[in-house]
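Colleague: Sending over upload.csv (CSV, C-alpha atoms).
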chain,number,residue,atom,x,y,z
A,79,MET,CA,152.7,63.1,57.4
A,80,ASP,CA,151.8,65.3,54.4
A,81,ALA,CA,154.3,67.7,52.8
A,82,GLY,CA,152.5,70.8,54.1
A,83,LEU,CA,152.8,69.7,57.8
A,84,LYS,CA,156.5,68.8,57.2
A,85,ARG,CA,157.2,72.3,55.9
A,86,GLU,CA,155.3,73.8,58.8
A,87,LEU,CA,157.4,71.8,61.3
A,88,GLU,CA,160.6,72.5,59.5
A,89,ALA,CA,159.8,76.3,59.6
A,90,LYS,CA,159.1,76.1,63.3
A,91,VAL,CA,162.4,74.3,64.0
A,92,ALA,CA,164.3,76.7,61.8
A,93,ALA,CA,162.8,79.7,63.6
A,94,GLY,CA,163.4,78.2,67.1
A,95,GLU,CA,159.7,78.2,67.8
A,96,ARG,CA,158.5,75.9,70.6
A,97,LEU,CA,156.7,72.8,69.3
A,98,SER,CA,153.3,72.0,70.7
A,99,ARG,CA,151.8,68.8,72.0
A,100,GLU,CA,150.1,68.2,68.7
A,101,ASP,CA,153.5,68.7,66.9
A,102,GLY,CA,155.1,66.1,69.1
A,103,VAL,CA,152.4,63.5,68.3
A,104,ALA,CA,152.7,64.3,64.6
A,105,LEU,CA,156.5,63.8,64.8
A,106,TYR,CA,156.0,60.4,66.3
A,107,GLU,CA,153.5,59.5,63.6
A,108,SER,CA,156.0,60.2,60.9
A,109,ASP,CA,157.7,57.2,59.3
A,110,ASP,CA,160.4,59.3,57.7
A,111,LEU,CA,163.2,58.6,60.1
A,112,VAL,CA,165.8,60.3,57.9
A,113,TRP,CA,163.8,63.5,58.0
A,114,LEU,CA,163.3,63.4,61.7
A,115,GLY,CA,167.0,62.7,62.2
A,116,GLY,CA,167.9,65.7,60.0
A,117,LEU,CA,165.7,68.1,62.0
A,118,ALA,CA,167.0,66.8,65.4
A,119,HIS,CA,170.6,67.0,64.2
A,120,GLN,CA,170.1,70.6,63.1
A,121,VAL,CA,168.9,71.5,66.7
A,122,ARG,CA,171.7,69.4,68.3
A,123,THR,CA,174.3,71.1,66.2
A,124,GLU,CA,173.0,74.6,66.9
A,125,LYS,CA,173.2,73.8,70.6
A,126,ASN,CA,176.4,71.7,70.9
A,127,GLY,CA,178.2,71.7,67.6
A,128,ASP,CA,180.0,68.4,66.8
A,129,ARG,CA,180.9,67.9,70.5
A,130,VAL,CA,179.9,64.6,72.3
A,131,MET,CA,180.2,64.6,76.0
A,132,PHE,CA,181.1,61.7,78.3
A,133,ASN,CA,182.4,61.2,81.8
A,134,VAL,CA,184.5,58.6,83.6
A,135,ASN,CA,182.0,57.2,86.1
A,136,ARG,CA,181.1,54.1,88.1
A,137,HIS,CA,177.6,52.9,89.0
A,138,LEU,CA,177.1,51.6,92.5
A,139,ASN,CA,174.0,49.9,93.6
A,140,LEU,CA,174.3,49.6,97.3
A,141,THR,CA,171.4,47.2,97.7
A,142,ASN,CA,168.9,45.4,95.4
A,143,VAL,CA,166.5,44.7,98.3
A,144,CYS,CA,163.3,46.6,97.6
A,145,SER,CA,159.9,47.1,99.2
A,146,ALA,CA,158.4,47.8,95.8
A,147,SER,CA,157.6,45.4,93.0
A,148,CYS,CA,157.5,47.5,89.9
A,149,ALA,CA,156.1,45.6,86.9
A,150,TYR,CA,159.1,46.2,84.6
A,151,CYS,CA,161.9,45.7,87.2
A,152,SER,CA,164.2,42.7,87.2
A,153,PHE,CA,166.7,44.2,89.6
A,154,GLN,CA,164.7,44.2,92.8
A,155,ARG,CA,164.9,41.3,95.3
A,156,LYS,CA,162.9,40.6,98.5
A,157,PRO,CA,164.6,40.0,101.9
A,158,GLY,CA,165.9,36.5,102.1
A,159,GLU,CA,166.1,35.8,98.3
A,160,LYS,CA,169.2,33.9,97.3
A,161,ASP,CA,170.9,36.8,95.5
A,162,ALA,CA,169.6,39.7,97.5
A,163,TYR,CA,172.4,41.8,98.8
A,164,THR,CA,173.2,45.0,100.8
A,165,MET,CA,176.7,46.5,100.8
A,166,ARG,CA,178.5,47.4,103.9
A,167,ILE,CA,180.0,50.9,103.7
A,168,HIS,CA,183.5,49.6,103.5
A,169,GLU,CA,182.5,47.4,100.6
A,170,ALA,CA,181.0,50.3,98.7
A,171,VAL,CA,184.2,52.4,99.2
A,172,ALA,CA,186.4,49.5,98.1
A,173,LYS,CA,184.4,49.1,94.8
A,174,ALA,CA,184.5,52.8,94.2
A,175,LYS,CA,188.3,52.9,94.7
A,176,GLU,CA,188.8,50.2,92.1
A,177,MET,CA,188.6,52.9,89.4
A,178,GLU,CA,190.7,55.5,91.2
A,179,ASP,CA,193.6,55.1,88.8
A,180,GLU,CA,191.4,55.9,85.8
A,181,GLN,CA,190.7,59.4,87.2
A,182,LEU,CA,187.1,58.7,88.1
A,183,THR,CA,185.0,61.8,88.2
A,184,GLU,CA,181.6,60.6,89.2
A,185,LEU,CA,179.8,57.9,91.3
A,186,HIS,CA,176.2,57.2,90.2
A,187,ILE,CA,174.3,55.5,93.1
A,188,VAL,CA,170.8,54.0,92.8
A,189,ASN,CA,169.3,51.5,95.1
A,190,GLY,CA,166.3,49.5,96.1
A,191,LEU,CA,163.9,50.8,98.7
A,192,HIS,CA,165.3,48.7,101.5
A,193,PRO,CA,162.7,48.0,104.2
A,194,THR,CA,165.0,47.9,107.2
A,195,LEU,CA,168.1,49.9,106.4
A,196,PRO,CA,168.1,53.0,108.7
A,197,TRP,CA,168.1,56.5,107.1
A,198,LYS,CA,171.5,57.4,108.6
A,199,TYR,CA,173.1,54.7,106.5
A,200,TYR,CA,172.7,56.8,103.4
A,201,PRO,CA,174.4,60.1,104.4
A,202,LYS,CA,177.1,58.0,106.2
A,203,VAL,CA,177.9,56.1,103.0
A,204,LEU,CA,178.1,59.3,101.0
A,205,ARG,CA,180.4,60.9,103.6
A,206,GLU,CA,182.7,57.8,103.6
A,207,LEU,CA,182.8,57.8,99.7
A,208,LYS,CA,183.6,61.5,99.6
A,209,GLY,CA,186.3,61.1,102.2
A,210,ALA,CA,187.9,58.2,100.2
A,211,LEU,CA,187.6,59.9,96.8
A,212,PRO,CA,187.4,63.7,97.5
A,213,ASN,CA,187.7,64.7,93.8
A,214,VAL,CA,184.8,62.5,92.7
A,215,LYS,CA,181.3,63.9,92.4
A,216,LEU,CA,178.4,62.0,94.0
A,217,LYS,CA,175.3,61.6,91.9
A,218,ALA,CA,173.0,59.6,94.1
A,219,PHE,CA,169.4,58.6,94.7
A,220,THR,CA,166.2,58.9,92.7
A,221,ALA,CA,163.3,61.1,93.7
A,222,THR,CA,161.7,57.8,94.7
A,223,GLU,CA,164.5,57.1,97.2
A,224,ILE,CA,164.3,60.7,98.6
A,225,GLN,CA,160.6,60.2,99.3
A,226,TRP,CA,161.4,56.8,100.8
A,227,PHE,CA,163.9,58.6,103.1
A,228,GLU,CA,161.1,60.9,104.2
A,229,LYS,CA,159.0,57.9,105.1
A,230,ILE,CA,161.7,56.0,107.1
A,231,SER,CA,163.2,59.1,108.8
A,232,GLY,CA,160.1,61.2,109.5
A,233,LEU,CA,162.0,64.2,108.1
A,234,PRO,CA,160.9,66.5,105.3
A,235,ALA,CA,162.8,66.4,102.0
A,236,ASP,CA,164.2,69.8,102.8
A,237,GLU,CA,166.1,68.5,105.8
A,238,ILE,CA,167.1,65.3,104.0
A,239,PHE,CA,168.6,67.3,101.2
A,240,ASP,CA,170.6,69.5,103.7
A,241,GLU,CA,172.1,66.4,105.3
A,242,LEU,CA,172.9,64.7,102.1
A,243,ILE,CA,174.4,67.8,100.5
A,244,ASP,CA,176.5,68.3,103.7
A,245,ALA,CA,177.7,64.6,103.2
A,246,GLY,CA,178.8,65.3,99.6
A,247,LEU,CA,175.7,65.0,97.4
A,248,GLU,CA,176.2,66.8,94.1
A,249,SER,CA,173.2,65.7,92.1
A,250,LEU,CA,170.1,63.4,92.2
A,251,THR,CA,169.8,60.8,89.5
A,252,GLY,CA,166.9,61.0,87.1
A,253,GLY,CA,165.3,57.6,88.0
A,254,GLY,CA,161.7,57.0,89.2
A,255,ALA,CA,160.3,59.0,86.3
A,256,GLU,CA,159.3,56.1,84.0
A,257,ILE,CA,156.1,57.6,82.4
A,258,PHE,CA,154.2,60.2,84.4
A,259,ASP,CA,150.8,59.8,82.8
A,260,TRP,CA,148.6,57.9,85.3
A,261,GLU,CA,146.9,56.0,82.5
A,262,VAL,CA,150.2,54.1,82.1
A,263,ARG,CA,151.9,54.6,85.4
A,264,GLN,CA,149.4,52.8,87.5
A,265,HIS,CA,150.3,49.6,85.6
A,266,ILE,CA,154.0,49.8,85.8
A,267,VAL,CA,155.1,51.2,89.1
A,268,ASP,CA,154.7,50.0,92.7
A,269,HIS,CA,155.7,53.0,94.8
A,270,ASP,CA,154.2,56.3,95.9
A,271,THR,CA,156.4,58.7,94.0
A,272,HIS,CA,154.3,59.9,91.1
A,273,TRP,CA,154.5,63.2,89.1
A,274,GLU,CA,153.5,65.4,92.0
A,275,ASP,CA,156.2,64.2,94.3
A,276,TRP,CA,158.8,63.5,91.6
A,277,SER,CA,158.5,67.1,90.5
A,278,ARG,CA,158.3,68.4,94.1
A,279,ILE,CA,161.6,66.7,94.9
A,280,HIS,CA,163.5,67.8,91.8
A,281,ARG,CA,162.1,71.3,92.2
A,282,LEU,CA,163.5,71.4,95.8
A,283,ALA,CA,166.8,69.9,94.6
A,284,HIS,CA,167.1,72.7,92.0
A,285,SER,CA,166.3,75.4,94.6
A,286,LYS,CA,169.3,74.1,96.7
A,287,GLY,CA,171.7,74.5,93.8
A,288,LEU,CA,171.7,70.9,92.6
A,289,ARG,CA,171.5,70.2,88.9
A,290,THR,CA,169.8,66.9,88.0
A,291,PRO,CA,169.1,64.7,85.0
A,292,SER,CA,165.6,63.9,83.8
A,293,THR,CA,164.6,60.5,82.3
A,294,MET,CA,161.8,58.7,80.5
A,295,LEU,CA,161.3,54.9,80.3
A,296,TYR,CA,159.9,54.1,76.8
A,297,GLY,CA,159.1,51.1,74.8
A,298,HIS,CA,156.7,49.2,77.1
A,299,ILE,CA,152.9,49.8,77.2
A,300,GLU,CA,153.0,53.5,76.6
A,301,GLU,CA,151.9,55.2,73.4
A,302,PRO,CA,153.6,58.2,71.7
A,303,ARG,CA,151.1,60.6,73.3
A,304,HIS,CA,152.3,59.5,76.7
A,305,ARG,CA,155.9,60.2,75.7
A,306,VAL,CA,154.9,63.7,74.5
A,307,ASP,CA,153.0,64.4,77.7
A,308,HIS,CA,156.0,63.2,79.8
A,309,VAL,CA,158.4,65.6,78.0
A,310,MET,CA,156.0,68.5,78.2
A,311,ARG,CA,155.7,68.1,82.0
A,312,LEU,CA,159.5,68.1,82.3
A,313,ARG,CA,159.7,71.1,79.9
A,314,GLU,CA,157.4,73.1,82.0
A,315,LEU,CA,159.3,72.3,85.2
A,316,GLN,CA,162.5,73.3,83.4
A,317,ASP,CA,160.9,76.6,82.4
A,318,GLU,CA,160.3,77.1,86.1
A,319,THR,CA,163.6,76.0,87.7
A,320,GLY,CA,166.3,75.6,84.9
A,321,GLY,CA,167.8,72.8,86.9
A,322,PHE,CA,167.8,69.9,84.4
A,323,THR,CA,171.1,69.4,82.7
A,324,VAL,CA,170.1,66.5,80.4
A,325,PHE,CA,167.2,64.4,79.2
A,326,ILE,CA,167.8,60.6,79.0
A,327,PRO,CA,165.4,58.3,77.2
A,328,LEU,CA,165.8,54.9,78.7
A,329,ARG,CA,164.8,51.8,76.7
A,330,TYR,CA,162.7,49.3,78.6
A,331,GLN,CA,164.4,46.0,78.8
A,332,HIS,CA,162.7,42.8,77.8
A,333,ASP,CA,163.1,39.0,77.7
A,334,PHE,CA,164.8,38.3,80.9
A,335,VAL,CA,164.9,35.1,83.0
A,336,ASP,CA,167.1,35.2,86.1
A,337,SER,CA,170.0,32.9,85.7
A,338,ALA,CA,170.2,32.2,89.4
A,339,ASP,CA,166.6,31.1,90.2
A,340,GLY,CA,164.7,31.1,86.8
A,341,LYS,CA,162.2,33.6,88.0
A,342,ILE,CA,160.6,36.0,85.5
A,343,ARG,CA,160.3,39.2,87.5
A,344,ASN,CA,159.2,41.4,84.6
A,345,ARG,CA,155.4,41.2,84.7
A,346,LEU,CA,155.1,43.2,81.4
A,347,GLN,CA,157.0,40.6,79.4
A,348,ALA,CA,154.1,38.7,78.0
A,349,ARG,CA,152.5,41.8,76.5
A,350,THR,CA,155.5,43.9,75.4
A,351,LYS,CA,158.4,44.0,73.0
A,352,MET,CA,161.5,46.1,73.3
A,353,ALA,CA,161.7,49.2,71.1
A,354,SER,CA,163.6,48.5,67.9
A,355,PRO,CA,166.7,50.5,67.0
A,356,ALA,CA,164.6,52.6,64.6
A,357,GLU,CA,162.1,53.4,67.3
A,358,SER,CA,164.9,54.4,69.7
A,359,LEU,CA,166.3,56.8,67.2
A,360,LYS,CA,162.9,58.3,66.7
A,361,VAL,CA,162.5,58.8,70.5
A,362,PHE,CA,165.9,60.6,70.6
A,363,ALA,CA,165.0,62.8,67.7
A,364,VAL,CA,161.5,63.8,68.9
A,365,SER,CA,162.9,64.3,72.4
A,366,ARG,CA,165.6,66.7,71.2
A,367,LEU,CA,163.0,68.6,69.1
A,368,MET,CA,160.4,68.9,71.9
A,369,PHE,CA,162.6,69.5,74.9
A,370,ASP,CA,164.0,72.8,73.7
A,371,ASN,CA,165.1,74.2,77.1
A,372,VAL,CA,167.4,71.3,78.2
A,373,PRO,CA,170.9,71.6,76.9
A,374,HIS,CA,171.8,67.9,76.4
A,375,VAL,CA,170.2,64.7,75.3
A,376,LYS,CA,171.9,61.5,76.4
A,377,CYS,CA,172.0,58.0,74.9
A,378,PHE,CA,172.8,55.6,77.8
A,379,TRP,CA,174.8,53.2,75.7
A,380,VAL,CA,174.3,50.3,78.1
A,381,MET,CA,170.6,50.2,77.3
A,382,HIS,CA,170.9,50.7,73.6
A,383,GLY,CA,174.0,49.0,72.4
A,384,LEU,CA,177.1,50.6,70.9
A,385,SER,CA,175.9,50.7,67.3
A,386,VAL,CA,172.7,52.5,68.2
A,387,ALA,CA,174.7,54.8,70.5
A,388,GLN,CA,176.8,55.9,67.6
A,389,LEU,CA,173.8,56.4,65.3
A,390,SER,CA,172.0,58.4,67.9
A,391,LEU,CA,174.7,61.1,67.6
A,392,ASN,CA,173.0,62.0,64.3
A,393,PHE,CA,169.5,62.0,65.9
A,394,GLY,CA,169.8,64.7,68.5
A,395,VAL,CA,172.1,63.0,71.1
A,396,ASP,CA,175.2,64.8,72.3
A,397,ASP,CA,176.1,62.8,75.4
A,398,LEU,CA,177.0,59.1,75.8
A,399,ASP,CA,177.2,58.8,79.6
A,400,GLY,CA,180.4,57.2,80.7
A,401,SER,CA,182.5,54.2,81.6
A,402,VAL,CA,179.6,52.9,83.8
A,403,VAL,CA,181.2,49.6,85.2
A,404,GLU,CA,178.7,47.0,86.4
A,405,TYR,CA,175.3,48.5,85.8
A,406,LYS,CA,173.3,45.9,87.5
A,407,ILE,CA,169.9,47.3,86.8
A,408,THR,CA,170.1,46.8,83.1
A,409,HIS,CA,172.4,43.7,83.2
A,410,ASP,CA,169.9,42.0,85.4
A,411,ALA,CA,167.4,42.6,82.6
A,412,ASP,CA,169.1,42.1,79.3
A,413,SER,CA,170.6,39.3,77.3
A,414,TYR,CA,172.1,40.9,74.3
A,415,GLY,CA,175.7,41.2,75.5
A,416,THR,CA,176.3,44.9,76.0
A,417,PRO,CA,179.6,45.3,77.9
A,418,ASN,CA,179.7,46.3,81.5
A,419,THR,CA,182.6,48.7,81.1
A,420,MET,CA,183.9,51.2,78.5
A,421,HIS,CA,187.2,52.8,79.5
A,422,ARG,CA,188.1,56.4,78.5
A,423,GLU,CA,189.9,55.2,75.4
A,424,ASP,CA,187.0,53.1,74.3
A,425,LEU,CA,184.6,56.0,74.6
A,426,LEU,CA,187.0,58.3,72.7
A,427,HIS,CA,187.3,55.9,69.8
A,428,LEU,CA,183.5,55.3,69.8
A,429,ILE,CA,182.9,59.0,69.4
A,430,TRP,CA,185.8,59.7,67.0
A,431,ASP,CA,184.7,56.8,64.8
A,432,ALA,CA,181.2,58.3,64.5
A,433,GLY,CA,182.9,61.6,63.3
A,434,PHE,CA,182.5,63.7,66.4
A,435,GLN,CA,184.7,65.5,68.9
A,436,PRO,CA,184.8,63.9,72.4
A,437,VAL,CA,184.5,66.2,75.4
A,438,GLU,CA,185.0,64.8,78.9
A,439,ARG,CA,182.7,66.5,81.4
A,440,ASN,CA,181.9,66.3,85.1
A,441,THR,CA,178.5,65.8,86.8
A,442,ARG,CA,177.5,69.4,86.3
A,443,TYR,CA,178.4,69.3,82.6
A,444,GLU,CA,181.5,71.4,83.1
A,445,VAL,CA,184.2,70.6,80.7
A,446,VAL,CA,187.1,68.6,82.1
A,447,ARG,CA,189.0,68.1,78.8
A,448,GLU,CA,188.5,68.4,75.1
A,449,TYR,CA,190.0,65.8,72.7
A,450,GLU,CA,191.0,66.6,69.2
A,451,LYS,CA,190.6,63.9,66.5
A,452,PRO,CA,193.7,61.8,65.8
A,453,THR,CA,195.3,62.7,62.4
A,454,PRO,CA,194.0,59.6,60.5
A,455,LEU,CA,190.4,60.3,61.7
A,456,ALA,CA,190.7,64.0,61.1
A,457,GLU,CA,191.7,63.4,57.5
A,458,ARG,CA,188.9,60.8,56.9
A,459,ARG,CA,186.1,62.8,58.4
A,460,SER,CA,186.6,66.6,58.6
A,461,VAL,CA,182.9,67.1,59.5
A,462,PRO,CA,180.4,64.9,61.4
A,463,GLN,CA,179.3,61.9,59.4
A,464,GLN,CA,175.5,62.2,58.7
A,465,VAL,CA,173.7,59.0,58.1
A,466,TRP,CA,171.1,60.6,55.8
A,467,ALA,CA,173.7,62.1,53.4
Turn the structure described in the file into structure tokens.
Modeller:
Amino acid sequence: MDAGLKRELEAKVAAGERLSREDGVALYESDDLVWLGGLAHQVRTEKNGDRVMFNVNRHLNLTNVCSASCAYCSFQRKPGEKDAYTMRIHEAVAKAKEMEDEQLTELHIVNGLHPTLPWKYYPKVLRELKGALPNVKLKAFTATEIQWFEKISGLPADEIFDELIDAGLESLTGGGAEIFDWEVRQHIVDHDTHWEDWSRIHRLAHSKGLRTPSTMLYGHIEEPRHRVDHVMRLRELQDETGGFTVFIPLRYQHDFVDSADGKIRNRLQARTKMASPAESLKVFAVSRLMFDNVPHVKCFWVMHGLSVAQLSLNFGVDDLDGSVVEYKITHDADSYGTPNTMHREDLLHLIWDAGFQPVERNTRYEVVREYEKPTPLAERRSVPQQVWA
């Protein structure tokens, strides 16, 4: 990128001017990672100061049995496979209550598209979870699952949402987005929820008062222009509804062989590589600069590792997700040793050590508690540490 274009983009960012599609592609073409990080950190600091949000959550995957066979997915199993499972409702409640003493604030529930589970199972499990943990917010189901519920129930999404909200649903998850551009999407997904239905379902969720995350799966067969297109679609929908709380770039997981049966379920593996840490930092920075109307950008530390998660806080990120616990979708796809669980204290020290202020939040990004730096850290780093200084 030449100096003139750099100055032009710097001026746009400083003035708060919305970046164009061409600007987004140009940012991805830049090899000056320090410069990109500086721009993104400027925007992140204007929006959120030195605060880094997190929550105390638990991920529950009620079933890994799935009718779809998405090319990148190592989580799904077919009925009858050795390690296919479906939780009974009491099993899901027991798992959720394991973290009750840690003042759990959120359950994050994503599942396969089970071919025979009845629709009524899903509101029933939410109702039982809410009854067992009344102070815990339920963030559950992707737009893909909501469309699946339409198919198996014969009900429209409007009625499905009413029943799920009555059972305790607080938010959808952001999954099922992957990459919206059909040029890429037709090669990576094996379900019917594409941009038109994904946006329809989130638009409807927002109209009912739900606030939802948005995501993008990057680092597989897509190109930077597809990432920019993806963010711009979400940005336009956010202009319309204002319902997205956060944008979460999710790193495609690579090099997996199932330890139980030796199968390679990731059909993209032979022609892909995982995004490098530097590429991930670039994605965070460009996303923060392009997605100007979403308040938060999250690094899901499970998919990136703890070191990249800390670095990302200087590249536009201001949220590190939460304690997680047993995130099977990634841990059925990676082999680089990211822990299953980070307790509240672990997250606090991860954020403090990066030079930022931890802020515990709930599902709707309302503040639960702010944590000041311990004295030794406050003396060592009175301002956020910047990697380009």
Colleague: For range 287-296 of chain A, find every residue with an atom within 9 Å (counting all atoms listed in the file), except residues of its own chain fewer than 4 positions away, and show them as an NGL selection string.
Modeller: :A and (217 or 243 or 247-258 or 280 or 282-283 or 300-301 or 305 or 308-309 or 312 or 320-330 or 352-353 or 358 or 361 or 441-442)
Colleague: List the neighbours of Glu95 in chain A out to 12 Å using all atoms listed in the file; skip same-chain residues closer than 5 positions along the sequence, and give me the result as a list in words.
Modeller: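 Surrounding residues, per the criterion: Glu86, Leu87, Glu88, Ala89, Lys90, Asp101, Val121, Leu367, Met368, Phe369, Asp370 and Asn371 of chain A.
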Colleague: Emit the selected residues as an mmCIF file, keeping the file's coordinate frame, including C-alpha atoms.
Modeller:
data_model
loop_
_atom_site.group_PDB
_atom_site.id
_atom_site.type_symbol
_atom_site.label_atom_id
_atom_site.label_comp_id
_atom_site.auth_asym_id
_atom_site.auth_seq_id
_atom_site.Cartn_x
_atom_site.Cartn_y
_atom_site.Cartn_z
ATOM 1 C CA GLU A 86 155.300 73.800 58.800
ATOM 2 C CA LEU A 87 157.400 71.800 61.300
ATOM 3 C CA GLU A 88 160.600 72.500 59.500
ATOM 4 C CA ALA A 89 159.800 76.300 59.600
ATOM 5 C CA LYS A 90 159.100 76.100 63.300
ATOM 6 C CA ASP A 101 153.500 68.700 66.900
ATOM 7 C CA VAL A 121 168.900 71.500 66.700
ATOM 8 C CA LEU A 367 163.000 68.600 69.100
ATOM 9 C CA MET A 368 160.400 68.900 71.900
ATOM 10 C CA PHE A 369 162.600 69.500 74.900
ATOM 11 C CA ASP A 370 164.000 72.800 73.700
ATOM 12 C CA ASN A 371 165.100 74.200 77.100
#
Colleague: Would you compute the distance between CA of Lys376 in chain A and CA of Leu389 in chain A? Give it in Å to one decimal.
Modeller: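 Here the two named atoms are 12.4 Å from each other.
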Colleague: What is the CA of Lys198 in chain A to CA of Gln181 in chain A distance in Å?
Modeller: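 So the two atoms, CA of Lys198 in chain A and CA of Gln181 in chain A, lie 28.8 Å apart.
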Colleague: Between CA of Ala210 in chain A and CA of Glu241 in chain A, what is the spacing in Å?
Modeller: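 Between CA of Glu241 in chain A and CA of Ala210 in chain A the gap is 18.5 Å.
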Colleague: Which residues are near Leu204 in chain A? Cut-off 10 Å, all atoms listed in the file, ignore same chain within fewer than 3 positions. Put them as a list of chain:residue names.
Modeller: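 Contacts, in chain order: A:Ile167, A:Ala170, A:Val171, A:Leu185, A:Ile187, A:Tyr199, A:Tyr200, A:Pro201, A:Leu207, A:Lys208, A:Gly209, A:Ala210, A:Leu216, A:Lys217, A:Ala218, A:Leu242, A:Ile243, A:Asp244, A:Ala245, A:Gly246, A:Leu247.
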Colleague: Using all atoms listed in the file, can you tell me which of A:Tyr150, A:Tyr443, A:Tyr106, A:Phe393 comes closest to Asp268 in chain A?
Modeller: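 Closest to Asp268 in chain A of all the choices is A:Tyr150.
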Colleague: Would you list the contacts of Arg281 in chain A as an mmCIF file with C-alpha atoms, in the frame of the given file, taking every protein, DNA or RNA residue within 8 Å and counting all atoms listed in the file, but skipping same-chain residues closer than 4 positions in sequence?
Modeller:
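Wrote it out as part.cif, contents follow:
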data_model
loop_
_atom_site.group_PDB
_atom_site.id
_atom_site.type_symbol
_atom_site.label_atom_id
_atom_site.label_comp_id
_atom_site.auth_asym_id
_atom_site.auth_seq_id
_atom_site.Cartn_x
_atom_site.Cartn_y
_atom_site.Cartn_z
ATOM 1 C CA SER A 277 158.500 67.100 90.500
ATOM 2 C CA SER A 285 166.300 75.400 94.600
ATOM 3 C CA LEU A 315 159.300 72.300 85.200
ATOM 4 C CA THR A 319 163.600 76.000 87.700
ATOM 5 C CA GLY A 321 167.800 72.800 86.900
#
Colleague: Nearest to Ala118 in chain A: which of A:Asp431, A:Glu450, A:Glu159, A:Asp396 is it, counting all atoms listed in the file?
Modeller: A:Asp396
Colleague: Between A:Ile279, A:Val386, A:Leu195, A:Leu114, which is the closest to Ala235 in chain A once you count only C-alpha atoms?
Modeller: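 Looking only at the distances to Ala235 in chain A, the closest residue turns out to be A:Ile279.
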Colleague: Considering all atoms listed in the file, can you say which of A:Ile266, A:Ile238, A:Val214, A:Ile224 comes closest to Gln347 in chain A?
Modeller: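 Result for the nearest residue to Gln347 in chain A: A:Ile266.
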Colleague: Would you list the residues near (169.3, 59.3, 63.6) (no more than 7 Å away, in the coordinates of the file, using only C-alpha atoms) as a PyMOL selection string?
Modeller: chain A and resi 112+115+359+363+389-393
Colleague: Restricted to C-alpha atoms, what would the selected residues look like written as a PDB file, keeping the file's coordinate frame?
Modeller:
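File produced: selection_2.pdb:
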ATOM      1  CA  VAL A 112     165.800  60.300  57.900  1.00  0.00           C
ATOM      2  CA  GLY A 115     167.000  62.700  62.200  1.00  0.00           C
ATOM      3  CA  LEU A 359     166.300  56.800  67.200  1.00  0.00           C
ATOM      4  CA  ALA A 363     165.000  62.800  67.700  1.00  0.00           C
ATOM      5  CA  LEU A 389     173.800  56.400  65.300  1.00  0.00           C
ATOM      6  CA  SER A 390     172.000  58.400  67.900  1.00  0.00           C
ATOM      7  CA  LEU A 391     174.700  61.100  67.600  1.00  0.00           C
ATOM      8  CA  ASN A 392     173.000  62.000  64.300  1.00  0.00           C
ATOM      9  CA  PHE A 393     169.500  62.000  65.900  1.00  0.00           C
TER      10      PHE A 393
END
Colleague: Between A:Lys451, A:His421, A:Arg136, A:Arg366, which one has atoms that come closest to Gln120 in chain A, using only C-alpha atoms?
Modeller: A:Arg366
Colleague: Just checking: using all atoms listed in the file, which residue out of A:Asp80, A:Asp397, A:Glu274, A:Glu261 ends up closest to Arg122 in chain A?
Modeller: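 Smallest distance to Arg122 in chain A is found for A:Asp397.
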Colleague: Counting all atoms listed in the file, select every polymer residue within 7 Å of (160.8, 45.0, 96.9) as defined in the file's coordinates, and provide the selection as a PyMOL selection string.
Modeller: chain A and resi 143-147+154-156+191
